[in-house]
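Data file: work.tsv. Format and content: TSV, C-alpha atoms.
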chain	number	residue	atom	x	y	z
A	500	MET	CA	-19.03	-75.54	2.56
A	501	ARG	CA	-21.23	-73.08	4.42
A	502	PRO	CA	-20.26	-71.84	7.86
A	503	TRP	CA	-22.21	-73.49	10.62
A	504	LEU	CA	-24.83	-71.30	12.27
A	505	PRO	CA	-25.67	-72.36	15.81
A	506	GLU	CA	-29.26	-73.03	16.70
A	507	PRO	CA	-30.74	-70.82	19.41
A	508	ILE	CA	-30.87	-72.38	22.86
A	509	ARG	CA	-34.31	-72.57	24.42
A	510	THR	CA	-34.31	-71.12	27.91
A	511	ALA	CA	-36.90	-70.64	30.59
A	512	PRO	CA	-38.73	-67.30	30.42
A	513	VAL	CA	-36.89	-64.58	32.32
A	514	ALA	CA	-38.32	-61.39	33.75
A	515	ASP	CA	-37.78	-58.32	31.55
A	516	THR	CA	-34.24	-57.66	32.70
A	517	PHE	CA	-30.84	-57.08	31.22
A	518	GLU	CA	-30.64	-60.85	30.73
A	519	MET	CA	-33.80	-60.85	28.64
A	520	THR	CA	-32.51	-57.94	26.56
A	521	VAL	CA	-29.35	-59.89	25.79
A	522	VAL	CA	-31.38	-62.98	24.87
A	523	ARG	CA	-33.60	-60.93	22.55
A	524	ARG	CA	-30.59	-59.38	20.83
A	525	ASP	CA	-29.02	-62.81	20.34
A	526	LEU	CA	-32.23	-64.18	18.85
A	527	LEU	CA	-32.54	-61.17	16.54
A	528	SER	CA	-28.92	-61.59	15.44
A	529	TYR	CA	-29.54	-65.25	14.70
A	530	ALA	CA	-32.72	-64.41	12.78
A	531	MET	CA	-30.84	-61.84	10.69
A	532	LEU	CA	-28.11	-64.39	9.89
A	533	VAL	CA	-30.73	-66.88	8.73
A	534	LEU	CA	-32.36	-64.23	6.53
A	535	LEU	CA	-29.00	-63.17	5.08
A	536	GLU	CA	-28.31	-66.81	4.14
A	537	ARG	CA	-31.18	-66.54	1.62
A	538	LEU	CA	-29.23	-63.95	-0.37
A	539	THR	CA	-26.51	-64.39	-2.95
A	540	PRO	CA	-23.11	-63.05	-1.83
A	541	THR	CA	-23.53	-59.94	-4.00
A	542	GLU	CA	-27.06	-59.27	-2.72
A	543	ARG	CA	-25.76	-59.72	0.82
A	544	ALA	CA	-22.93	-57.24	0.21
A	545	VAL	CA	-25.30	-54.62	-1.23
A	546	PHE	CA	-27.77	-55.14	1.61
A	547	VAL	CA	-25.16	-54.82	4.36
A	548	LEU	CA	-23.44	-51.83	2.75
A	549	ARG	CA	-26.77	-50.05	2.29
A	550	GLU	CA	-28.79	-51.05	5.37
A	551	ALA	CA	-26.17	-51.61	8.04
A	552	LEU	CA	-23.51	-49.12	6.97
A	553	GLY	CA	-25.64	-46.50	5.18
A	554	PHE	CA	-23.63	-46.29	1.96
A	555	ASP	CA	-25.22	-44.57	-1.04
A	556	TYR	CA	-25.75	-46.53	-4.25
A	557	PRO	CA	-22.93	-44.78	-6.17
A	558	GLU	CA	-20.50	-45.75	-3.37
A	559	ILE	CA	-21.78	-49.34	-3.31
A	560	ALA	CA	-21.42	-49.56	-7.10
A	561	GLU	CA	-17.81	-48.36	-6.88
A	562	ILE	CA	-16.94	-50.78	-4.06
A	563	LEU	CA	-18.45	-53.77	-5.85
A	564	GLY	CA	-17.40	-52.76	-9.36
A	565	LYS	CA	-20.98	-52.75	-10.62
A	566	ARG	CA	-23.34	-50.19	-12.11
A	567	GLU	CA	-25.52	-48.18	-9.75
A	568	ALA	CA	-28.72	-49.44	-11.40
A	569	ASN	CA	-27.53	-53.02	-10.91
A	570	CYS	CA	-26.92	-52.35	-7.20
A	571	ARG	CA	-30.41	-50.89	-6.81
A	572	LYS	CA	-31.89	-54.02	-8.41
A	573	LEU	CA	-29.77	-56.28	-6.18
A	574	MET	CA	-31.06	-54.36	-3.14
A	575	SER	CA	-34.63	-54.73	-4.35
A	576	ARG	CA	-34.18	-58.49	-4.78
A	577	ALA	CA	-32.51	-58.79	-1.39
A	578	LYS	CA	-35.35	-56.97	0.37
A	579	SER	CA	-37.89	-59.08	-1.47
A	580	LYS	CA	-36.18	-62.33	-0.45
A	581	MET	CA	-36.04	-61.13	3.16
A	582	GLY	CA	-39.65	-59.95	3.22
A	583	ILE	CA	-38.77	-56.29	3.78
A	584	SER	CA	-40.97	-53.59	2.26
A	585	GLU	CA	-39.33	-51.39	-0.39
A	586	LYS	CA	-40.75	-48.33	1.39
A	587	GLU	CA	-38.93	-48.92	4.67
A	588	PRO	CA	-36.33	-46.15	5.06
A	589	VAL	CA	-32.62	-46.66	5.51
A	590	VAL	CA	-31.50	-45.01	8.73
A	591	ALA	CA	-27.79	-45.14	9.44
A	592	GLU	CA	-26.52	-43.92	12.78
A	593	PRO	CA	-24.10	-40.97	12.44
A	594	VAL	CA	-21.66	-42.68	14.83
A	595	GLU	CA	-21.57	-45.79	12.63
A	596	LEU	CA	-20.94	-43.72	9.50
A	597	GLU	CA	-18.11	-41.88	11.25
A	598	TRP	CA	-16.55	-45.21	12.32
A	599	VAL	CA	-16.80	-46.65	8.81
A	600	SER	CA	-15.25	-43.50	7.35
A	601	ARG	CA	-12.35	-43.58	9.83
A	602	PHE	CA	-11.85	-47.31	9.24
A	603	LEU	CA	-11.74	-47.00	5.44
A	604	THR	CA	-9.47	-43.95	5.59
A	605	SER	CA	-7.09	-45.80	7.92
A	606	LEU	CA	-7.14	-48.82	5.61
A	607	GLU	CA	-6.39	-46.66	2.55
A	608	LYS	CA	-3.47	-45.00	4.36
A	609	GLY	CA	-2.18	-48.31	5.69
A	610	ASN	CA	-2.34	-46.96	9.25
A	611	VAL	CA	-2.24	-50.27	11.12
A	612	ASP	CA	-2.22	-48.66	14.59
A	613	GLN	CA	-5.38	-46.68	13.78
A	614	ILE	CA	-7.13	-49.75	12.36
A	615	LEU	CA	-6.21	-51.75	15.47
A	616	SER	CA	-7.63	-49.00	17.70
A	617	LEU	CA	-10.95	-49.14	15.84
A	618	LEU	CA	-11.40	-52.90	16.31
A	619	THR	CA	-12.44	-54.59	19.54
A	620	GLU	CA	-10.36	-57.35	21.12
A	621	ASP	CA	-12.97	-59.95	20.16
A	622	VAL	CA	-13.24	-58.96	16.49
A	623	MET	CA	-13.92	-61.86	14.14
A	624	LEU	CA	-13.65	-61.92	10.35
A	625	VAL	CA	-15.75	-64.52	8.54
A	626	PHE	CA	-15.44	-65.11	4.81
A	627	ASN	CA	-18.02	-66.49	2.42
A	628	GLY	CA	-16.84	-67.36	-1.05
A	629	GLY	CA	-20.37	-68.23	-2.08
A	630	GLY	CA	-19.08	-71.51	-3.47
A	631	LYS	CA	-17.47	-69.61	-6.34
A	632	VAL	CA	-14.17	-68.39	-4.91
A	633	LEU	CA	-11.74	-69.67	-2.33
A	634	ALA	CA	-12.30	-68.35	1.17
A	635	PHE	CA	-10.92	-69.01	4.62
A	636	THR	CA	-12.73	-72.00	6.09
A	637	ARG	CA	-12.39	-70.79	9.67
A	638	PRO	CA	-13.10	-67.38	11.16
A	639	ILE	CA	-10.11	-65.11	11.72
A	640	GLN	CA	-10.22	-64.28	15.42
A	641	THR	CA	-7.45	-61.90	16.43
A	642	ARG	CA	-7.21	-58.18	15.74
A	643	ASP	CA	-3.69	-58.50	14.36
A	644	GLN	CA	-4.68	-61.23	11.87
A	645	VAL	CA	-7.86	-59.38	10.84
A	646	VAL	CA	-5.88	-56.20	10.12
A	647	ARG	CA	-3.24	-58.08	8.12
A	648	ILE	CA	-5.82	-59.85	6.01
A	649	LEU	CA	-7.91	-56.72	5.35
A	650	ALA	CA	-4.78	-54.71	4.47
A	651	GLY	CA	-3.64	-57.50	2.14
A	652	ILE	CA	-7.01	-57.67	0.42
A	653	TYR	CA	-7.09	-53.89	0.06
A	654	ILE	CA	-3.63	-53.86	-1.54
A	655	VAL	CA	-4.50	-56.71	-3.93
A	656	ARG	CA	-7.70	-54.94	-4.99
A	657	ASN	CA	-5.98	-51.53	-5.23
A	658	PRO	CA	-2.45	-52.13	-6.55
A	659	ASP	CA	-2.17	-48.51	-7.68
A	660	LYS	CA	-2.25	-47.49	-3.99
A	661	LEU	CA	0.65	-49.79	-3.09
A	662	THR	CA	3.14	-46.95	-3.21
A	663	GLN	CA	1.03	-44.95	-0.73
A	664	VAL	CA	0.88	-47.70	1.89
Whole structure, structure tokens version:
Amino acid sequence: MRPWLPEPIRTAPVADTFEMTVVRRDLLSYAMLVLLERLTPTERAVFVLREALGFDYPEIAEILGKREANCRKLMSRAKSKMGISEKEPVVAEPVELEWVSRFLTSLEKGNVDQILSLLTEDVMLVFNGGGKVLAFTRPIQTRDQVVRILAGIYIVRNPDKLTQV
């Protein structure tokens, strides 16, 4: 069962204000969710890791347990399905890369307090099993639960690091 994506609410035109900026961002977020729904789970993972988080292909390949060439092809297919030109550059913000690095380091070290400090109060974790694996049917909506689940997944995927956590 796919998660339900809300339809945008039509509103009366508003002057170019903070309100309008928020509305535009919401509509863009919705549009991106719709586009991401066109991708397979693996294509989606490669796309998000590359475009949103700025990971290099060798890092993506290691995370997903795939070959680098395979990840490049998955990215090419994802961009094609989304109508994005292959020539558009990937520009990751340095602040975002720093956050991701701190988050992953904290996760590897099992530093729950640090992970909690990196997440906002309204953090939400949504799973998509792609119809192939079991996944939570409802979003996880508290920082404490999100941290526990991510730490558990990390330990299951990296049992050799269990003694370090």
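You will find atom CA of A:Tyr653 at 25.2 Å from atom CA of A:Glu536.
Atom pair atom CA of A:Trp598 / atom CA of A:Pro638: separated by 22.5 Å.
Note that atom CA of A:Ile639 and atom CA of A:Met623 are 5.6 Å apart.
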query = Which residues, written as a ChimeraX atom specification, have at least one atom at most 12 Å from A:Ser605, with all atoms listed in the file counted and residues fewer than 3 positions away on the same chain left out?
reply = /A:598-602,608-618,646,649-650,653,663-664
Could those residues be written to a file, using C-alpha atoms, as an mmCIF file, in the frame of the given file?
data_model
loop_
_atom_site.group_PDB
_atom_site.id
_atom_site.type_symbol
_atom_site.label_atom_id
_atom_site.label_comp_id
_atom_site.auth_asym_id
_atom_site.auth_seq_id
_atom_site.Cartn_x
_atom_site.Cartn_y
_atom_site.Cartn_z
ATOM 1 C CA TRP A 598 -16.550 -45.210 12.320
ATOM 2 C CA VAL A 599 -16.800 -46.650 8.810
ATOM 3 C CA SER A 600 -15.250 -43.500 7.350
ATOM 4 C CA ARG A 601 -12.350 -43.580 9.830
ATOM 5 C CA PHE A 602 -11.850 -47.310 9.240
ATOM 6 C CA LYS A 608 -3.470 -45.000 4.360
ATOM 7 C CA GLY A 609 -2.180 -48.310 5.690
ATOM 8 C CA ASN A 610 -2.340 -46.960 9.250
ATOM 9 C CA VAL A 611 -2.240 -50.270 11.120
ATOM 10 C CA ASP A 612 -2.220 -48.660 14.590
ATOM 11 C CA GLN A 613 -5.380 -46.680 13.780
ATOM 12 C CA ILE A 614 -7.130 -49.750 12.360
ATOM 13 C CA LEU A 615 -6.210 -51.750 15.470
ATOM 14 C CA SER A 616 -7.630 -49.000 17.700
ATOM 15 C CA LEU A 617 -10.950 -49.140 15.840
ATOM 16 C CA LEU A 618 -11.400 -52.900 16.310
ATOM 17 C CA VAL A 646 -5.880 -56.200 10.120
ATOM 18 C CA LEU A 649 -7.910 -56.720 5.350
ATOM 19 C CA ALA A 650 -4.780 -54.710 4.470
ATOM 20 C CA TYR A 653 -7.090 -53.890 0.060
ATOM 21 C CA GLN A 663 1.030 -44.950 -0.730
ATOM 22 C CA VAL A 664 0.880 -47.700 1.890
#
key: Selection near A:Leu535, 9 Å with all atoms listed in the file, sequence-local residues under 6 positions removed, as a list in words   = Glu542, Arg543, Phe546, Ala577 and Met581 of chain A
